[in-house]
>>> print(open('query.pdb').read())   # PDB, C-alpha atoms
MODEL        1
ATOM      1  CA  MET A  22      17.438  45.760  50.744
ATOM      2  CA  ALA A  23      18.205  43.743  47.642
ATOM      3  CA  SER A  24      21.623  45.268  47.204
ATOM      4  CA  LEU A  25      22.447  44.474  50.775
ATOM      5  CA  THR A  26      21.722  40.745  50.399
ATOM      6  CA  ARG A  27      23.640  40.581  47.134
ATOM      7  CA  SER A  28      26.705  42.177  48.617
ATOM      8  CA  SER A  29      26.581  39.832  51.595
ATOM      9  CA  ARG A  30      26.323  36.878  49.248
ATOM     10  CA  THR A  31      29.350  37.905  47.200
ATOM     11  CA  LEU A  32      31.230  38.436  50.405
ATOM     12  CA  LEU A  33      30.362  34.965  51.598
ATOM     13  CA  ARG A  34      31.376  33.514  48.248
ATOM     14  CA  THR A  35      34.731  35.222  47.999
ATOM     15  CA  LEU A  36      35.714  34.744  51.605
ATOM     16  CA  PRO A  37      36.376  30.977  51.620
ATOM     17  CA  ARG A  38      38.016  31.074  48.188
ATOM     18  CA  SER A  39      40.588  33.590  49.199
ATOM     19  CA  SER A  40      41.301  32.024  52.580
ATOM     20  CA  ILE A  41      41.131  28.234  52.015
ATOM     21  CA  ALA A  42      41.973  27.547  48.439
ATOM     22  CA  PRO A  43      44.978  29.450  47.349
ATOM     23  CA  LEU A  44      46.912  26.300  46.392
ATOM     24  CA  PRO A  45      44.822  24.898  43.517
ATOM     25  CA  VAL A  46      44.394  28.325  42.107
ATOM     26  CA  ARG A  47      48.101  28.730  41.960
ATOM     27  CA  ALA A  48      48.518  25.323  40.340
ATOM     28  CA  LEU A  49      45.996  26.192  37.679
ATOM     29  CA  SER A  50      47.590  29.470  37.026
ATOM     30  CA  THR A  51      51.017  27.957  36.575
ATOM     31  CA  SER A  52      49.768  25.529  33.930
ATOM     32  CA  SER A  53      47.937  28.233  32.094
ATOM     33  CA  THR A  54      50.977  30.402  31.972
ATOM     34  CA  LYS A  55      52.957  27.514  30.566
ATOM     35  CA  ARG A  56      50.314  26.941  27.862
ATOM     36  CA  ASP A  57      50.295  30.562  26.986
ATOM     37  CA  ALA A  58      54.008  30.452  26.536
ATOM     38  CA  THR A  59      53.890  27.751  23.813
ATOM     39  CA  THR A  60      50.941  28.819  21.659
ATOM     40  CA  SER A  61      48.535  31.641  21.592
ATOM     41  CA  SER A  62      45.646  29.655  20.028
ATOM     42  CA  PHE A  63      43.643  26.744  21.498
ATOM     43  CA  ASP A  64      45.593  23.714  22.471
ATOM     44  CA  SER A  65      44.926  20.471  24.249
ATOM     45  CA  PRO A  66      44.521  20.989  27.982
ATOM     46  CA  PHE A  67      46.327  17.685  28.559
ATOM     47  CA  LYS A  68      49.442  18.862  26.851
ATOM     48  CA  GLY A  69      52.496  19.008  29.019
ATOM     49  CA  MET A  70      51.039  16.719  31.662
ATOM     50  CA  GLY A  71      53.756  14.142  31.184
ATOM     51  CA  GLY A  72      51.887  11.863  28.694
ATOM     52  CA  ASP A  73      54.628  11.393  26.165
ATOM     53  CA  THR A  74      54.331   7.565  26.003
ATOM     54  CA  THR A  75      50.601   7.573  25.336
ATOM     55  CA  SER A  76      50.639  10.142  22.594
ATOM     56  CA  LYS A  77      53.454   8.547  20.677
ATOM     57  CA  ILE A  78      52.233   7.066  17.387
ATOM     58  CA  PRO A  79      53.472   3.491  16.977
ATOM     59  CA  ASP A  80      55.249   2.268  13.903
ATOM     60  CA  PHE A  81      52.888   0.472  11.524
ATOM     61  CA  SER A  82      55.346  -0.136   8.752
ATOM     62  CA  HIS A  83      55.681  -3.750   9.786
ATOM     63  CA  TYR A  84      52.010  -4.334   8.987
ATOM     64  CA  LYS A  85      51.980  -2.335   5.807
ATOM     65  CA  SER A  86      51.503  -4.272   2.565
ATOM     66  CA  LYS A  87      54.643  -4.612   0.552
ATOM     67  CA  GLN A  88      52.756  -5.259  -2.683
ATOM     68  CA  GLY A  89      51.422  -1.791  -3.180
ATOM     69  CA  SER A  90      47.862  -0.600  -2.834
ATOM     70  CA  ASN A  91      46.614  -1.848  -6.195
ATOM     71  CA  SER A  92      46.838  -5.590  -5.617
ATOM     72  CA  ASN A  93      45.124  -5.178  -2.264
ATOM     73  CA  LEU A  94      42.378  -3.245  -3.990
ATOM     74  CA  VAL A  95      41.864  -5.958  -6.581
ATOM     75  CA  PHE A  96      41.915  -8.658  -3.919
ATOM     76  CA  GLN A  97      39.345  -6.917  -1.758
ATOM     77  CA  TYR A  98      36.976  -6.250  -4.636
ATOM     78  CA  PHE A  99      37.468  -9.822  -5.794
ATOM     79  CA  MET A 100      36.475 -11.182  -2.389
ATOM     80  CA  VAL A 101      33.462  -8.875  -2.181
ATOM     81  CA  GLY A 102      32.394  -9.845  -5.674
ATOM     82  CA  THR A 103      32.855 -13.548  -5.018
ATOM     83  CA  MET A 104      30.736 -13.377  -1.914
ATOM     84  CA  GLY A 105      28.101 -11.449  -3.852
ATOM     85  CA  ALA A 106      28.102 -14.043  -6.600
ATOM     86  CA  LEU A 107      27.782 -16.944  -4.155
ATOM     87  CA  THR A 108      24.989 -15.162  -2.321
ATOM     88  CA  ALA A 109      23.162 -14.427  -5.553
ATOM     89  CA  ALA A 110      23.428 -18.047  -6.671
ATOM     90  CA  GLY A 111      22.220 -19.278  -3.279
ATOM     91  CA  ALA A 112      19.321 -16.849  -3.181
ATOM     92  CA  LYS A 113      18.272 -17.799  -6.704
ATOM     93  CA  ALA A 114      18.424 -21.503  -5.841
ATOM     94  CA  THR A 115      16.352 -20.951  -2.681
ATOM     95  CA  VAL A 116      13.664 -19.003  -4.481
ATOM     96  CA  GLN A 117      13.621 -21.509  -7.307
ATOM     97  CA  ASP A 118      13.218 -24.419  -4.907
ATOM     98  CA  PHE A 119      10.230 -22.781  -3.302
ATOM     99  CA  LEU A 120       8.629 -22.000  -6.649
ATOM    100  CA  VAL A 121       9.209 -25.522  -7.946
ATOM    101  CA  ASN A 122       7.751 -26.894  -4.730
ATOM    102  CA  MET A 123       4.622 -24.800  -5.171
ATOM    103  CA  SER A 124       4.062 -25.646  -8.818
ATOM    104  CA  ALA A 125       2.010 -28.619  -9.926
ATOM    105  CA  SER A 126       3.707 -32.000  -9.720
ATOM    106  CA  ALA A 127       3.949 -34.410 -12.608
ATOM    107  CA  ASP A 128       1.042 -36.618 -11.524
ATOM    108  CA  VAL A 129      -1.220 -33.592 -11.254
ATOM    109  CA  LEU A 130      -0.142 -32.355 -14.655
ATOM    110  CA  ALA A 131      -0.801 -35.783 -16.128
ATOM    111  CA  MET A 132      -4.400 -35.620 -14.901
ATOM    112  CA  ALA A 133      -4.903 -31.993 -15.892
ATOM    113  CA  LYS A 134      -6.300 -32.642 -19.350
ATOM    114  CA  VAL A 135      -8.887 -35.094 -20.623
ATOM    115  CA  GLU A 136      -9.531 -35.794 -24.257
ATOM    116  CA  VAL A 137     -12.948 -36.995 -25.358
ATOM    117  CA  ASP A 138     -13.922 -38.394 -28.723
ATOM    118  CA  LEU A 139     -17.161 -36.626 -29.557
ATOM    119  CA  SER A 140     -18.063 -38.824 -32.513
ATOM    120  CA  THR A 141     -19.124 -41.603 -30.139
ATOM    121  CA  ILE A 142     -21.752 -39.432 -28.444
ATOM    122  CA  PRO A 143     -25.069 -39.515 -30.287
ATOM    123  CA  GLU A 144     -27.392 -36.562 -30.393
ATOM    124  CA  GLY A 145     -29.517 -36.085 -27.308
ATOM    125  CA  LYS A 146     -27.256 -38.100 -25.013
ATOM    126  CA  ASN A 147     -25.273 -37.255 -21.928
ATOM    127  CA  VAL A 148     -21.748 -38.453 -21.215
ATOM    128  CA  ILE A 149     -20.026 -38.013 -17.895
ATOM    129  CA  VAL A 150     -16.235 -38.004 -17.813
ATOM    130  CA  LYS A 151     -13.966 -37.560 -14.863
ATOM    131  CA  TRP A 152     -11.701 -34.544 -14.944
ATOM    132  CA  ARG A 153      -9.493 -33.503 -12.031
ATOM    133  CA  GLY A 154     -11.528 -35.621  -9.657
ATOM    134  CA  LYS A 155     -14.818 -34.042 -10.704
ATOM    135  CA  PRO A 156     -17.489 -35.238 -13.090
ATOM    136  CA  VAL A 157     -17.901 -33.303 -16.307
ATOM    137  CA  PHE A 158     -21.189 -33.434 -18.182
ATOM    138  CA  ILE A 159     -21.040 -33.486 -21.946
ATOM    139  CA  ARG A 160     -24.395 -33.083 -23.618
ATOM    140  CA  HIS A 161     -24.925 -33.436 -27.327
ATOM    141  CA  ARG A 162     -27.893 -31.156 -27.648
ATOM    142  CA  THR A 163     -30.566 -31.464 -30.281
ATOM    143  CA  ALA A 164     -31.723 -28.526 -32.340
ATOM    144  CA  ASP A 165     -34.879 -28.255 -30.238
ATOM    145  CA  GLU A 166     -32.878 -28.093 -27.029
ATOM    146  CA  ILE A 167     -30.609 -25.385 -28.444
ATOM    147  CA  LYS A 168     -33.663 -23.379 -29.452
ATOM    148  CA  GLU A 169     -35.182 -23.862 -26.042
ATOM    149  CA  ALA A 170     -32.009 -22.791 -24.262
ATOM    150  CA  GLU A 171     -31.666 -19.679 -26.393
ATOM    151  CA  SER A 172     -35.295 -18.644 -26.057
ATOM    152  CA  VAL A 173     -35.186 -18.293 -22.280
ATOM    153  CA  LYS A 174     -35.531 -14.747 -21.018
ATOM    154  CA  VAL A 175     -32.137 -14.168 -19.437
ATOM    155  CA  GLU A 176     -33.319 -11.303 -17.219
ATOM    156  CA  SER A 177     -35.693 -13.590 -15.367
ATOM    157  CA  LEU A 178     -32.951 -15.969 -14.263
ATOM    158  CA  ARG A 179     -31.286 -16.099 -10.878
ATOM    159  CA  ASP A 180     -27.813 -16.126 -12.443
ATOM    160  CA  PRO A 181     -28.385 -14.322 -15.744
ATOM    161  CA  GLN A 182     -26.225 -15.781 -18.467
ATOM    162  CA  LYS A 183     -26.918 -16.174 -22.145
ATOM    163  CA  ASP A 184     -26.723 -19.615 -23.634
ATOM    164  CA  GLU A 185     -24.185 -18.444 -26.213
ATOM    165  CA  ASP A 186     -21.879 -17.391 -23.371
ATOM    166  CA  ARG A 187     -21.969 -20.891 -21.940
ATOM    167  CA  VAL A 188     -21.126 -22.890 -25.046
ATOM    168  CA  LYS A 189     -18.531 -22.688 -27.760
ATOM    169  CA  LYS A 190     -20.518 -24.819 -30.162
ATOM    170  CA  PRO A 191     -24.268 -24.763 -29.522
ATOM    171  CA  GLU A 192     -24.673 -28.526 -29.962
ATOM    172  CA  TRP A 193     -22.070 -29.325 -27.318
ATOM    173  CA  LEU A 194     -22.726 -28.308 -23.733
ATOM    174  CA  ILE A 195     -19.781 -29.009 -21.437
ATOM    175  CA  MET A 196     -19.967 -28.229 -17.741
ATOM    176  CA  ILE A 197     -18.682 -29.418 -14.396
ATOM    177  CA  GLY A 198     -21.268 -31.751 -12.862
ATOM    178  CA  VAL A 199     -21.131 -30.370  -9.356
ATOM    179  CA  CYS A 200     -24.205 -28.685  -7.964
ATOM    180  CA  THR A 201     -23.381 -25.120  -6.984
ATOM    181  CA  HIS A 202     -25.433 -25.501  -3.829
ATOM    182  CA  LEU A 203     -23.578 -28.070  -1.741
ATOM    183  CA  GLY A 204     -21.629 -30.062  -4.287
ATOM    184  CA  CYS A 205     -23.797 -33.061  -5.126
ATOM    185  CA  VAL A 206     -23.777 -34.476  -8.622
ATOM    186  CA  PRO A 207     -27.031 -33.628 -10.445
ATOM    187  CA  ILE A 208     -28.949 -36.240 -12.422
ATOM    188  CA  GLY A 209     -29.176 -35.729 -16.150
ATOM    189  CA  GLU A 210     -32.365 -35.494 -18.207
ATOM    190  CA  ALA A 211     -34.404 -34.823 -15.127
ATOM    191  CA  GLY A 212     -36.075 -31.946 -13.376
ATOM    192  CA  ASP A 213     -38.786 -29.508 -14.323
ATOM    193  CA  PHE A 214     -36.761 -27.778 -17.047
ATOM    194  CA  GLY A 215     -35.542 -30.724 -19.096
ATOM    195  CA  GLY A 216     -31.967 -30.416 -17.918
ATOM    196  CA  TRP A 217     -30.440 -31.569 -14.660
ATOM    197  CA  PHE A 218     -31.877 -32.156 -11.241
ATOM    198  CA  CYS A 219     -29.923 -32.309  -8.020
ATOM    199  CA  PRO A 220     -31.379 -35.011  -5.773
ATOM    200  CA  CYS A 221     -29.855 -33.650  -2.580
ATOM    201  CA  HIS A 222     -31.861 -30.449  -2.169
ATOM    202  CA  GLY A 223     -33.903 -30.234  -5.331
ATOM    203  CA  SER A 224     -32.150 -27.771  -7.583
ATOM    204  CA  HIS A 225     -33.384 -27.718 -11.152
ATOM    205  CA  TYR A 226     -31.070 -26.800 -14.009
ATOM    206  CA  ASP A 227     -32.229 -26.175 -17.533
ATOM    207  CA  ILE A 228     -30.790 -27.535 -20.772
ATOM    208  CA  SER A 229     -28.054 -24.898 -20.657
ATOM    209  CA  GLY A 230     -27.091 -25.831 -17.101
ATOM    210  CA  ARG A 231     -28.546 -22.667 -15.594
ATOM    211  CA  ILE A 232     -30.183 -22.716 -12.213
ATOM    212  CA  ARG A 233     -33.940 -22.307 -12.504
ATOM    213  CA  LYS A 234     -35.428 -23.584  -9.293
ATOM    214  CA  GLY A 235     -34.186 -24.726  -5.903
ATOM    215  CA  PRO A 236     -31.514 -23.565  -3.475
ATOM    216  CA  ALA A 237     -28.454 -23.435  -5.764
ATOM    217  CA  PRO A 238     -27.207 -19.872  -6.251
ATOM    218  CA  LEU A 239     -25.274 -20.197  -9.499
ATOM    219  CA  ASN A 240     -25.346 -21.928 -12.866
ATOM    220  CA  LEU A 241     -23.319 -25.074 -13.333
ATOM    221  CA  GLU A 242     -19.702 -24.146 -13.905
ATOM    222  CA  ILE A 243     -18.140 -24.266 -17.341
ATOM    223  CA  PRO A 244     -14.595 -25.687 -17.423
ATOM    224  CA  ALA A 245     -11.905 -24.525 -19.780
ATOM    225  CA  TYR A 246     -12.163 -26.643 -22.892
ATOM    226  CA  ASP A 247     -11.297 -26.576 -26.508
ATOM    227  CA  PHE A 248     -12.214 -28.415 -29.654
ATOM    228  CA  ALA A 249      -8.817 -29.622 -30.780
ATOM    229  CA  GLU A 250     -10.236 -31.135 -33.945
ATOM    230  CA  GLU A 251     -13.715 -31.368 -35.383
ATOM    231  CA  GLU A 252     -14.721 -34.425 -33.377
ATOM    232  CA  SER A 253     -12.330 -34.224 -30.456
ATOM    233  CA  LEU A 254     -12.752 -32.294 -27.234
ATOM    234  CA  VAL A 255      -9.961 -31.422 -24.813
ATOM    235  CA  ILE A 256     -11.061 -30.406 -21.336
ATOM    236  CA  GLY A 257      -8.526 -28.457 -19.294
TER     237      GLY A 257
ATOM    238  CA  MET B  11      51.688  -7.477  -9.432
ATOM    239  CA  ALA B  12      50.610  -3.924  -9.827
ATOM    240  CA  SER B  13      51.005  -4.156 -13.565
ATOM    241  CA  VAL B  14      48.632  -7.159 -13.607
ATOM    242  CA  GLY B  15      46.116  -5.747 -11.165
ATOM    243  CA  ARG B  16      45.625  -2.312 -12.613
ATOM    244  CA  PRO B  17      43.957  -3.258 -15.920
ATOM    245  CA  LEU B  18      41.918  -5.889 -14.093
ATOM    246  CA  TYR B  19      40.718  -3.289 -11.653
ATOM    247  CA  ASN B  20      39.998  -0.814 -14.388
ATOM    248  CA  PHE B  21      38.105  -3.341 -16.429
ATOM    249  CA  LEU B  22      36.037  -5.129 -13.781
ATOM    250  CA  PHE B  23      35.653  -3.071 -10.657
ATOM    251  CA  ARG B  24      35.942   0.561 -11.575
ATOM    252  CA  ARG B  25      32.353   1.099 -12.692
ATOM    253  CA  ASN B  26      29.749  -0.334 -10.376
ATOM    254  CA  TYR B  27      27.360  -1.532 -13.082
ATOM    255  CA  VAL B  28      30.167  -3.510 -14.668
ATOM    256  CA  PHE B  29      31.078  -4.921 -11.258
ATOM    257  CA  LEU B  30      27.478  -5.931 -10.629
ATOM    258  CA  GLY B  31      27.142  -7.424 -14.082
ATOM    259  CA  VAL B  32      30.290  -9.445 -13.568
ATOM    260  CA  ILE B  33      28.921 -10.658 -10.229
ATOM    261  CA  PHE B  34      25.644 -11.832 -11.749
ATOM    262  CA  ALA B  35      27.323 -13.389 -14.732
ATOM    263  CA  SER B  36      29.758 -15.266 -12.541
ATOM    264  CA  ALA B  37      26.873 -16.340 -10.273
ATOM    265  CA  PHE B  38      25.128 -17.763 -13.339
ATOM    266  CA  GLY B  39      28.233 -19.587 -14.449
ATOM    267  CA  PHE B  40      29.000 -20.788 -10.948
ATOM    268  CA  GLU B  41      25.516 -22.205 -10.543
ATOM    269  CA  ILE B  42      25.738 -24.197 -13.756
ATOM    270  CA  ALA B  43      29.158 -25.538 -12.817
ATOM    271  CA  TYR B  44      28.091 -26.339  -9.267
ATOM    272  CA  ASP B  45      24.932 -28.134 -10.390
ATOM    273  CA  THR B  46      26.813 -30.137 -12.962
ATOM    274  CA  VAL B  47      29.494 -31.184 -10.533
ATOM    275  CA  THR B  48      27.113 -32.126  -7.712
ATOM    276  CA  ASP B  49      24.825 -34.015 -10.111
ATOM    277  CA  ARG B  50      27.799 -35.954 -11.395
ATOM    278  CA  ILE B  51      28.868 -36.796  -7.867
ATOM    279  CA  TRP B  52      25.359 -37.919  -6.988
ATOM    280  CA  ASP B  53      25.065 -40.070 -10.091
ATOM    281  CA  ASN B  54      28.451 -41.565  -9.365
ATOM    282  CA  ILE B  55      27.468 -42.518  -5.829
ATOM    283  CA  ASN B  56      24.134 -43.994  -6.931
ATOM    284  CA  LYS B  57      25.400 -45.713 -10.023
ATOM    285  CA  GLY B  58      23.198 -48.624 -11.071
ATOM    286  CA  ARG B  59      20.358 -47.703  -8.757
ATOM    287  CA  GLN B  60      18.607 -44.995 -10.696
ATOM    288  CA  TRP B  61      15.857 -45.375 -13.258
ATOM    289  CA  LYS B  62      17.973 -44.045 -16.060
ATOM    290  CA  ASP B  63      20.543 -46.743 -15.359
ATOM    291  CA  ILE B  64      18.070 -49.649 -15.335
ATOM    292  CA  ARG B  65      15.637 -48.255 -17.882
ATOM    293  CA  SER B  66      17.031 -50.328 -20.735
ATOM    294  CA  LYS B  67      16.129 -53.554 -18.924
ATOM    295  CA  TYR B  68      12.425 -52.738 -18.827
ATOM    296  CA  ILE B  69      11.840 -50.711 -21.961
ATOM    297  CA  GLU B  70      12.867 -53.630 -24.184
ATOM    298  CA  SER B  71      10.060 -55.863 -22.856
ATOM    299  CA  GLU B  72       7.516 -53.094 -22.926
ATOM    300  CA  GLY B  73       4.440 -54.854 -24.375
ATOM    301  CA  GLY B  74       4.711 -57.928 -22.165
ATOM    302  CA  ASP B  75       4.356 -57.636 -18.435
ATOM    303  CA  ASP B  76       2.951 -54.526 -16.806
ATOM    304  CA  ASP B  77       2.778 -55.968 -13.320
ATOM    305  CA  GLU B  78       6.448 -55.369 -12.562
TER     306      GLU B  78
ENDMDL
END
>>> encode(input="query.pdb", output="structure tokens")
Amino acid sequence: MASLTRSSRTLLRTLPRSSIAPLPVRALSTSSTKRDATTSSFDSPFKGMGGDTTSKIPDFSHYKSKQGSNSNLVFQYFMVGTMGALTAAGAKATVQDFLVNMSASADVLAMAKVEVDLSTIPEGKNVIVKWRGKPVFIRHRTADEIKEAESVKVESLRDPQKDEDRVKKPEWLIMIGVCTHLGCVPIGEAGDFGGWFCPCHGSHYDISGRIRKGPAPLNLEIPAYDFAEEESLVIG
Amino acid sequence: MASVGRPLYNFLFRRNYVFLGVIFASAFGFEIAYDTVTDRIWDNINKGRQWKDIRSKYIESEGGDDDE
């Protein structure tokens, strides 16, 4: 059964080819015989189809450099290098402009540091100076106050910090006078702990500026400062 | 031309790190020259109008009037 259908199919396939299309077959065969005559290996199937004008390689000698390859080489590398140099200079200038733009300007730098003469501050007195738009408390502490600040049990505090970590010289306490709660300026020599008291929401700071009572979460901040000379303080 | 180009090529372009170094060095030099030239042009256009040109008028009478 299967062999019967297959044989009928091959018959149907061969029948029209043999009867209708003898011409293209002959044309194909003539070209193939021609190809076989020239070479035995593979060759372009378009060969011998009358394309002589398209396959002719034009003469480029007119465009060829007369100076030799070396000067062209130097010129090309020179142009590439010049463009690289200009690009590098431009990129550096762009980056530098952005960095200069982001850095502090001269008026900010002029306000960045404040120098205070400590010899004018008597013992047991507060001085408030302005530094970078913020008040800075300077307290000349007495020996009793130093003792009191150092005797506090650090573990019991909300923001545990030893007094010696908050001062460079025990008699001078320097801190930024901005309440760590909502940014009011505390009042000196007030409050339950002999230090500072914030009138806005009732935060009490002790004589080392540490938060003891009230809503503030942290101790008063210590700015960067240095004792340039014995009696001179530089904040910033 | 070839006799001029060949040592130049050998010296500057043949090794890539030398080529790159030459590029950066020339960029550095170019930037200095460019900045100098453009600054000079700018100063020339704005001659007599900049602070450094009129500074001598005001620095002499320094202690006197601050309101100017």
>>> interface_residues(input="query.pdb", of="chain B", to="chain A", cutoff="12 Å", atoms="all atoms listed in the file", output="PyMOL selection string")
chain B and resi 11-26+28-45
>>> closest_residue(input="query.pdb", among="A:Ala237, A:Phe158, A:His222, A:Ile232", to="Val175 in chain A", atoms="all atoms listed in the file")
A:Ile232
>>> atom_distance(input="query.pdb", atom1="CA of Ile197 in chain A", atom2="CA of Glu250 in chain A")
21.4 Å
>>> atom_distance(input="query.pdb", atom1="CA of Gly209 in chain A", atom2="CA of Gly230 in chain A")
10.2 Å
>>> atom_distance(input="query.pdb", atom1="CA of Asp180 in chain A", atom2="CA of Pro238 in chain A")
7.3 Å
>>> residues_around(input="query.pdb", residues="range 120-133 of chain A", least_positions_apart="6", cutoff="10 Å", atoms="all atoms listed in the file", output="VMD selection string")
chain A and resid 114 151 to 154 256 to 257
>>> residues_around(input="query.pdb", residues="Thr141 in chain A", least_positions_apart="5", cutoff="12 Å", atoms="all atoms listed in the file", output="list in words")
Lys146, Asn147, Val148, Ile159, Arg160, His161, Glu252, Ser253 and Leu254 of chain A
>>> resolve_selection(input="query.pdb", expression="the PyMOL selection byres ((chain A and resi 251) around 12)", output="list in words")
Val137, Asp138, Leu139, Ser140, Lys190, Trp193, Asp247, Phe248, Ala249, Glu250, Glu252, Ser253, Leu254 and Val255 of chain A
>>> closest_residue(input="query.pdb", among="A:Ile228, A:Thr115, A:Val173, A:Lys134", to="Pro244 in chain A", atoms="only C-alpha atoms")
A:Lys134
>>> residues_around(input="query.pdb", residues="Arg187 in chain A", least_positions_apart="3", cutoff="8 Å", atoms="only C-alpha atoms", output="CSV table (one decimal) with C-alpha atoms, keeping the file's coordinate frame")
chain,number,residue,atom,x,y,z
A,182,GLN,CA,-26.2,-15.8,-18.5
A,183,LYS,CA,-26.9,-16.2,-22.1
A,184,ASP,CA,-26.7,-19.6,-23.6
A,194,LEU,CA,-22.7,-28.3,-23.7
A,229,SER,CA,-28.1,-24.9,-20.7
A,243,ILE,CA,-18.1,-24.3,-17.3
>>> residues_around(input="query.pdb", residues="Pro207 in chain A", least_positions_apart="2", cutoff="8 Å", atoms="all atoms listed in the file", output="PDB file with C-alpha atoms, in the coordinates of the input")
ATOM      1  CA  GLY A 198     -21.268 -31.751 -12.862  1.00  0.00           C
ATOM      2  CA  VAL A 199     -21.131 -30.370  -9.356  1.00  0.00           C
ATOM      3  CA  CYS A 200     -24.205 -28.685  -7.964  1.00  0.00           C
ATOM      4  CA  CYS A 205     -23.797 -33.061  -5.126  1.00  0.00           C
ATOM      5  CA  GLY A 209     -29.176 -35.729 -16.150  1.00  0.00           C
ATOM      6  CA  TRP A 217     -30.440 -31.569 -14.660  1.00  0.00           C
ATOM      7  CA  PHE A 218     -31.877 -32.156 -11.241  1.00  0.00           C
ATOM      8  CA  CYS A 219     -29.923 -32.309  -8.020  1.00  0.00           C
ATOM      9  CA  PRO A 220     -31.379 -35.011  -5.773  1.00  0.00           C
TER      10      PRO A 220
END
>>> axis_aligned_box(input="query.pdb", around="range 86-95 of chain A", padding_each_side="4 Å", output="lines of an AutoDock Vina configuration file")
center_x = 48.3
center_y = -3.3
center_z = -2.0
size_x = 20.8
size_y = 13.4
size_z = 17.1
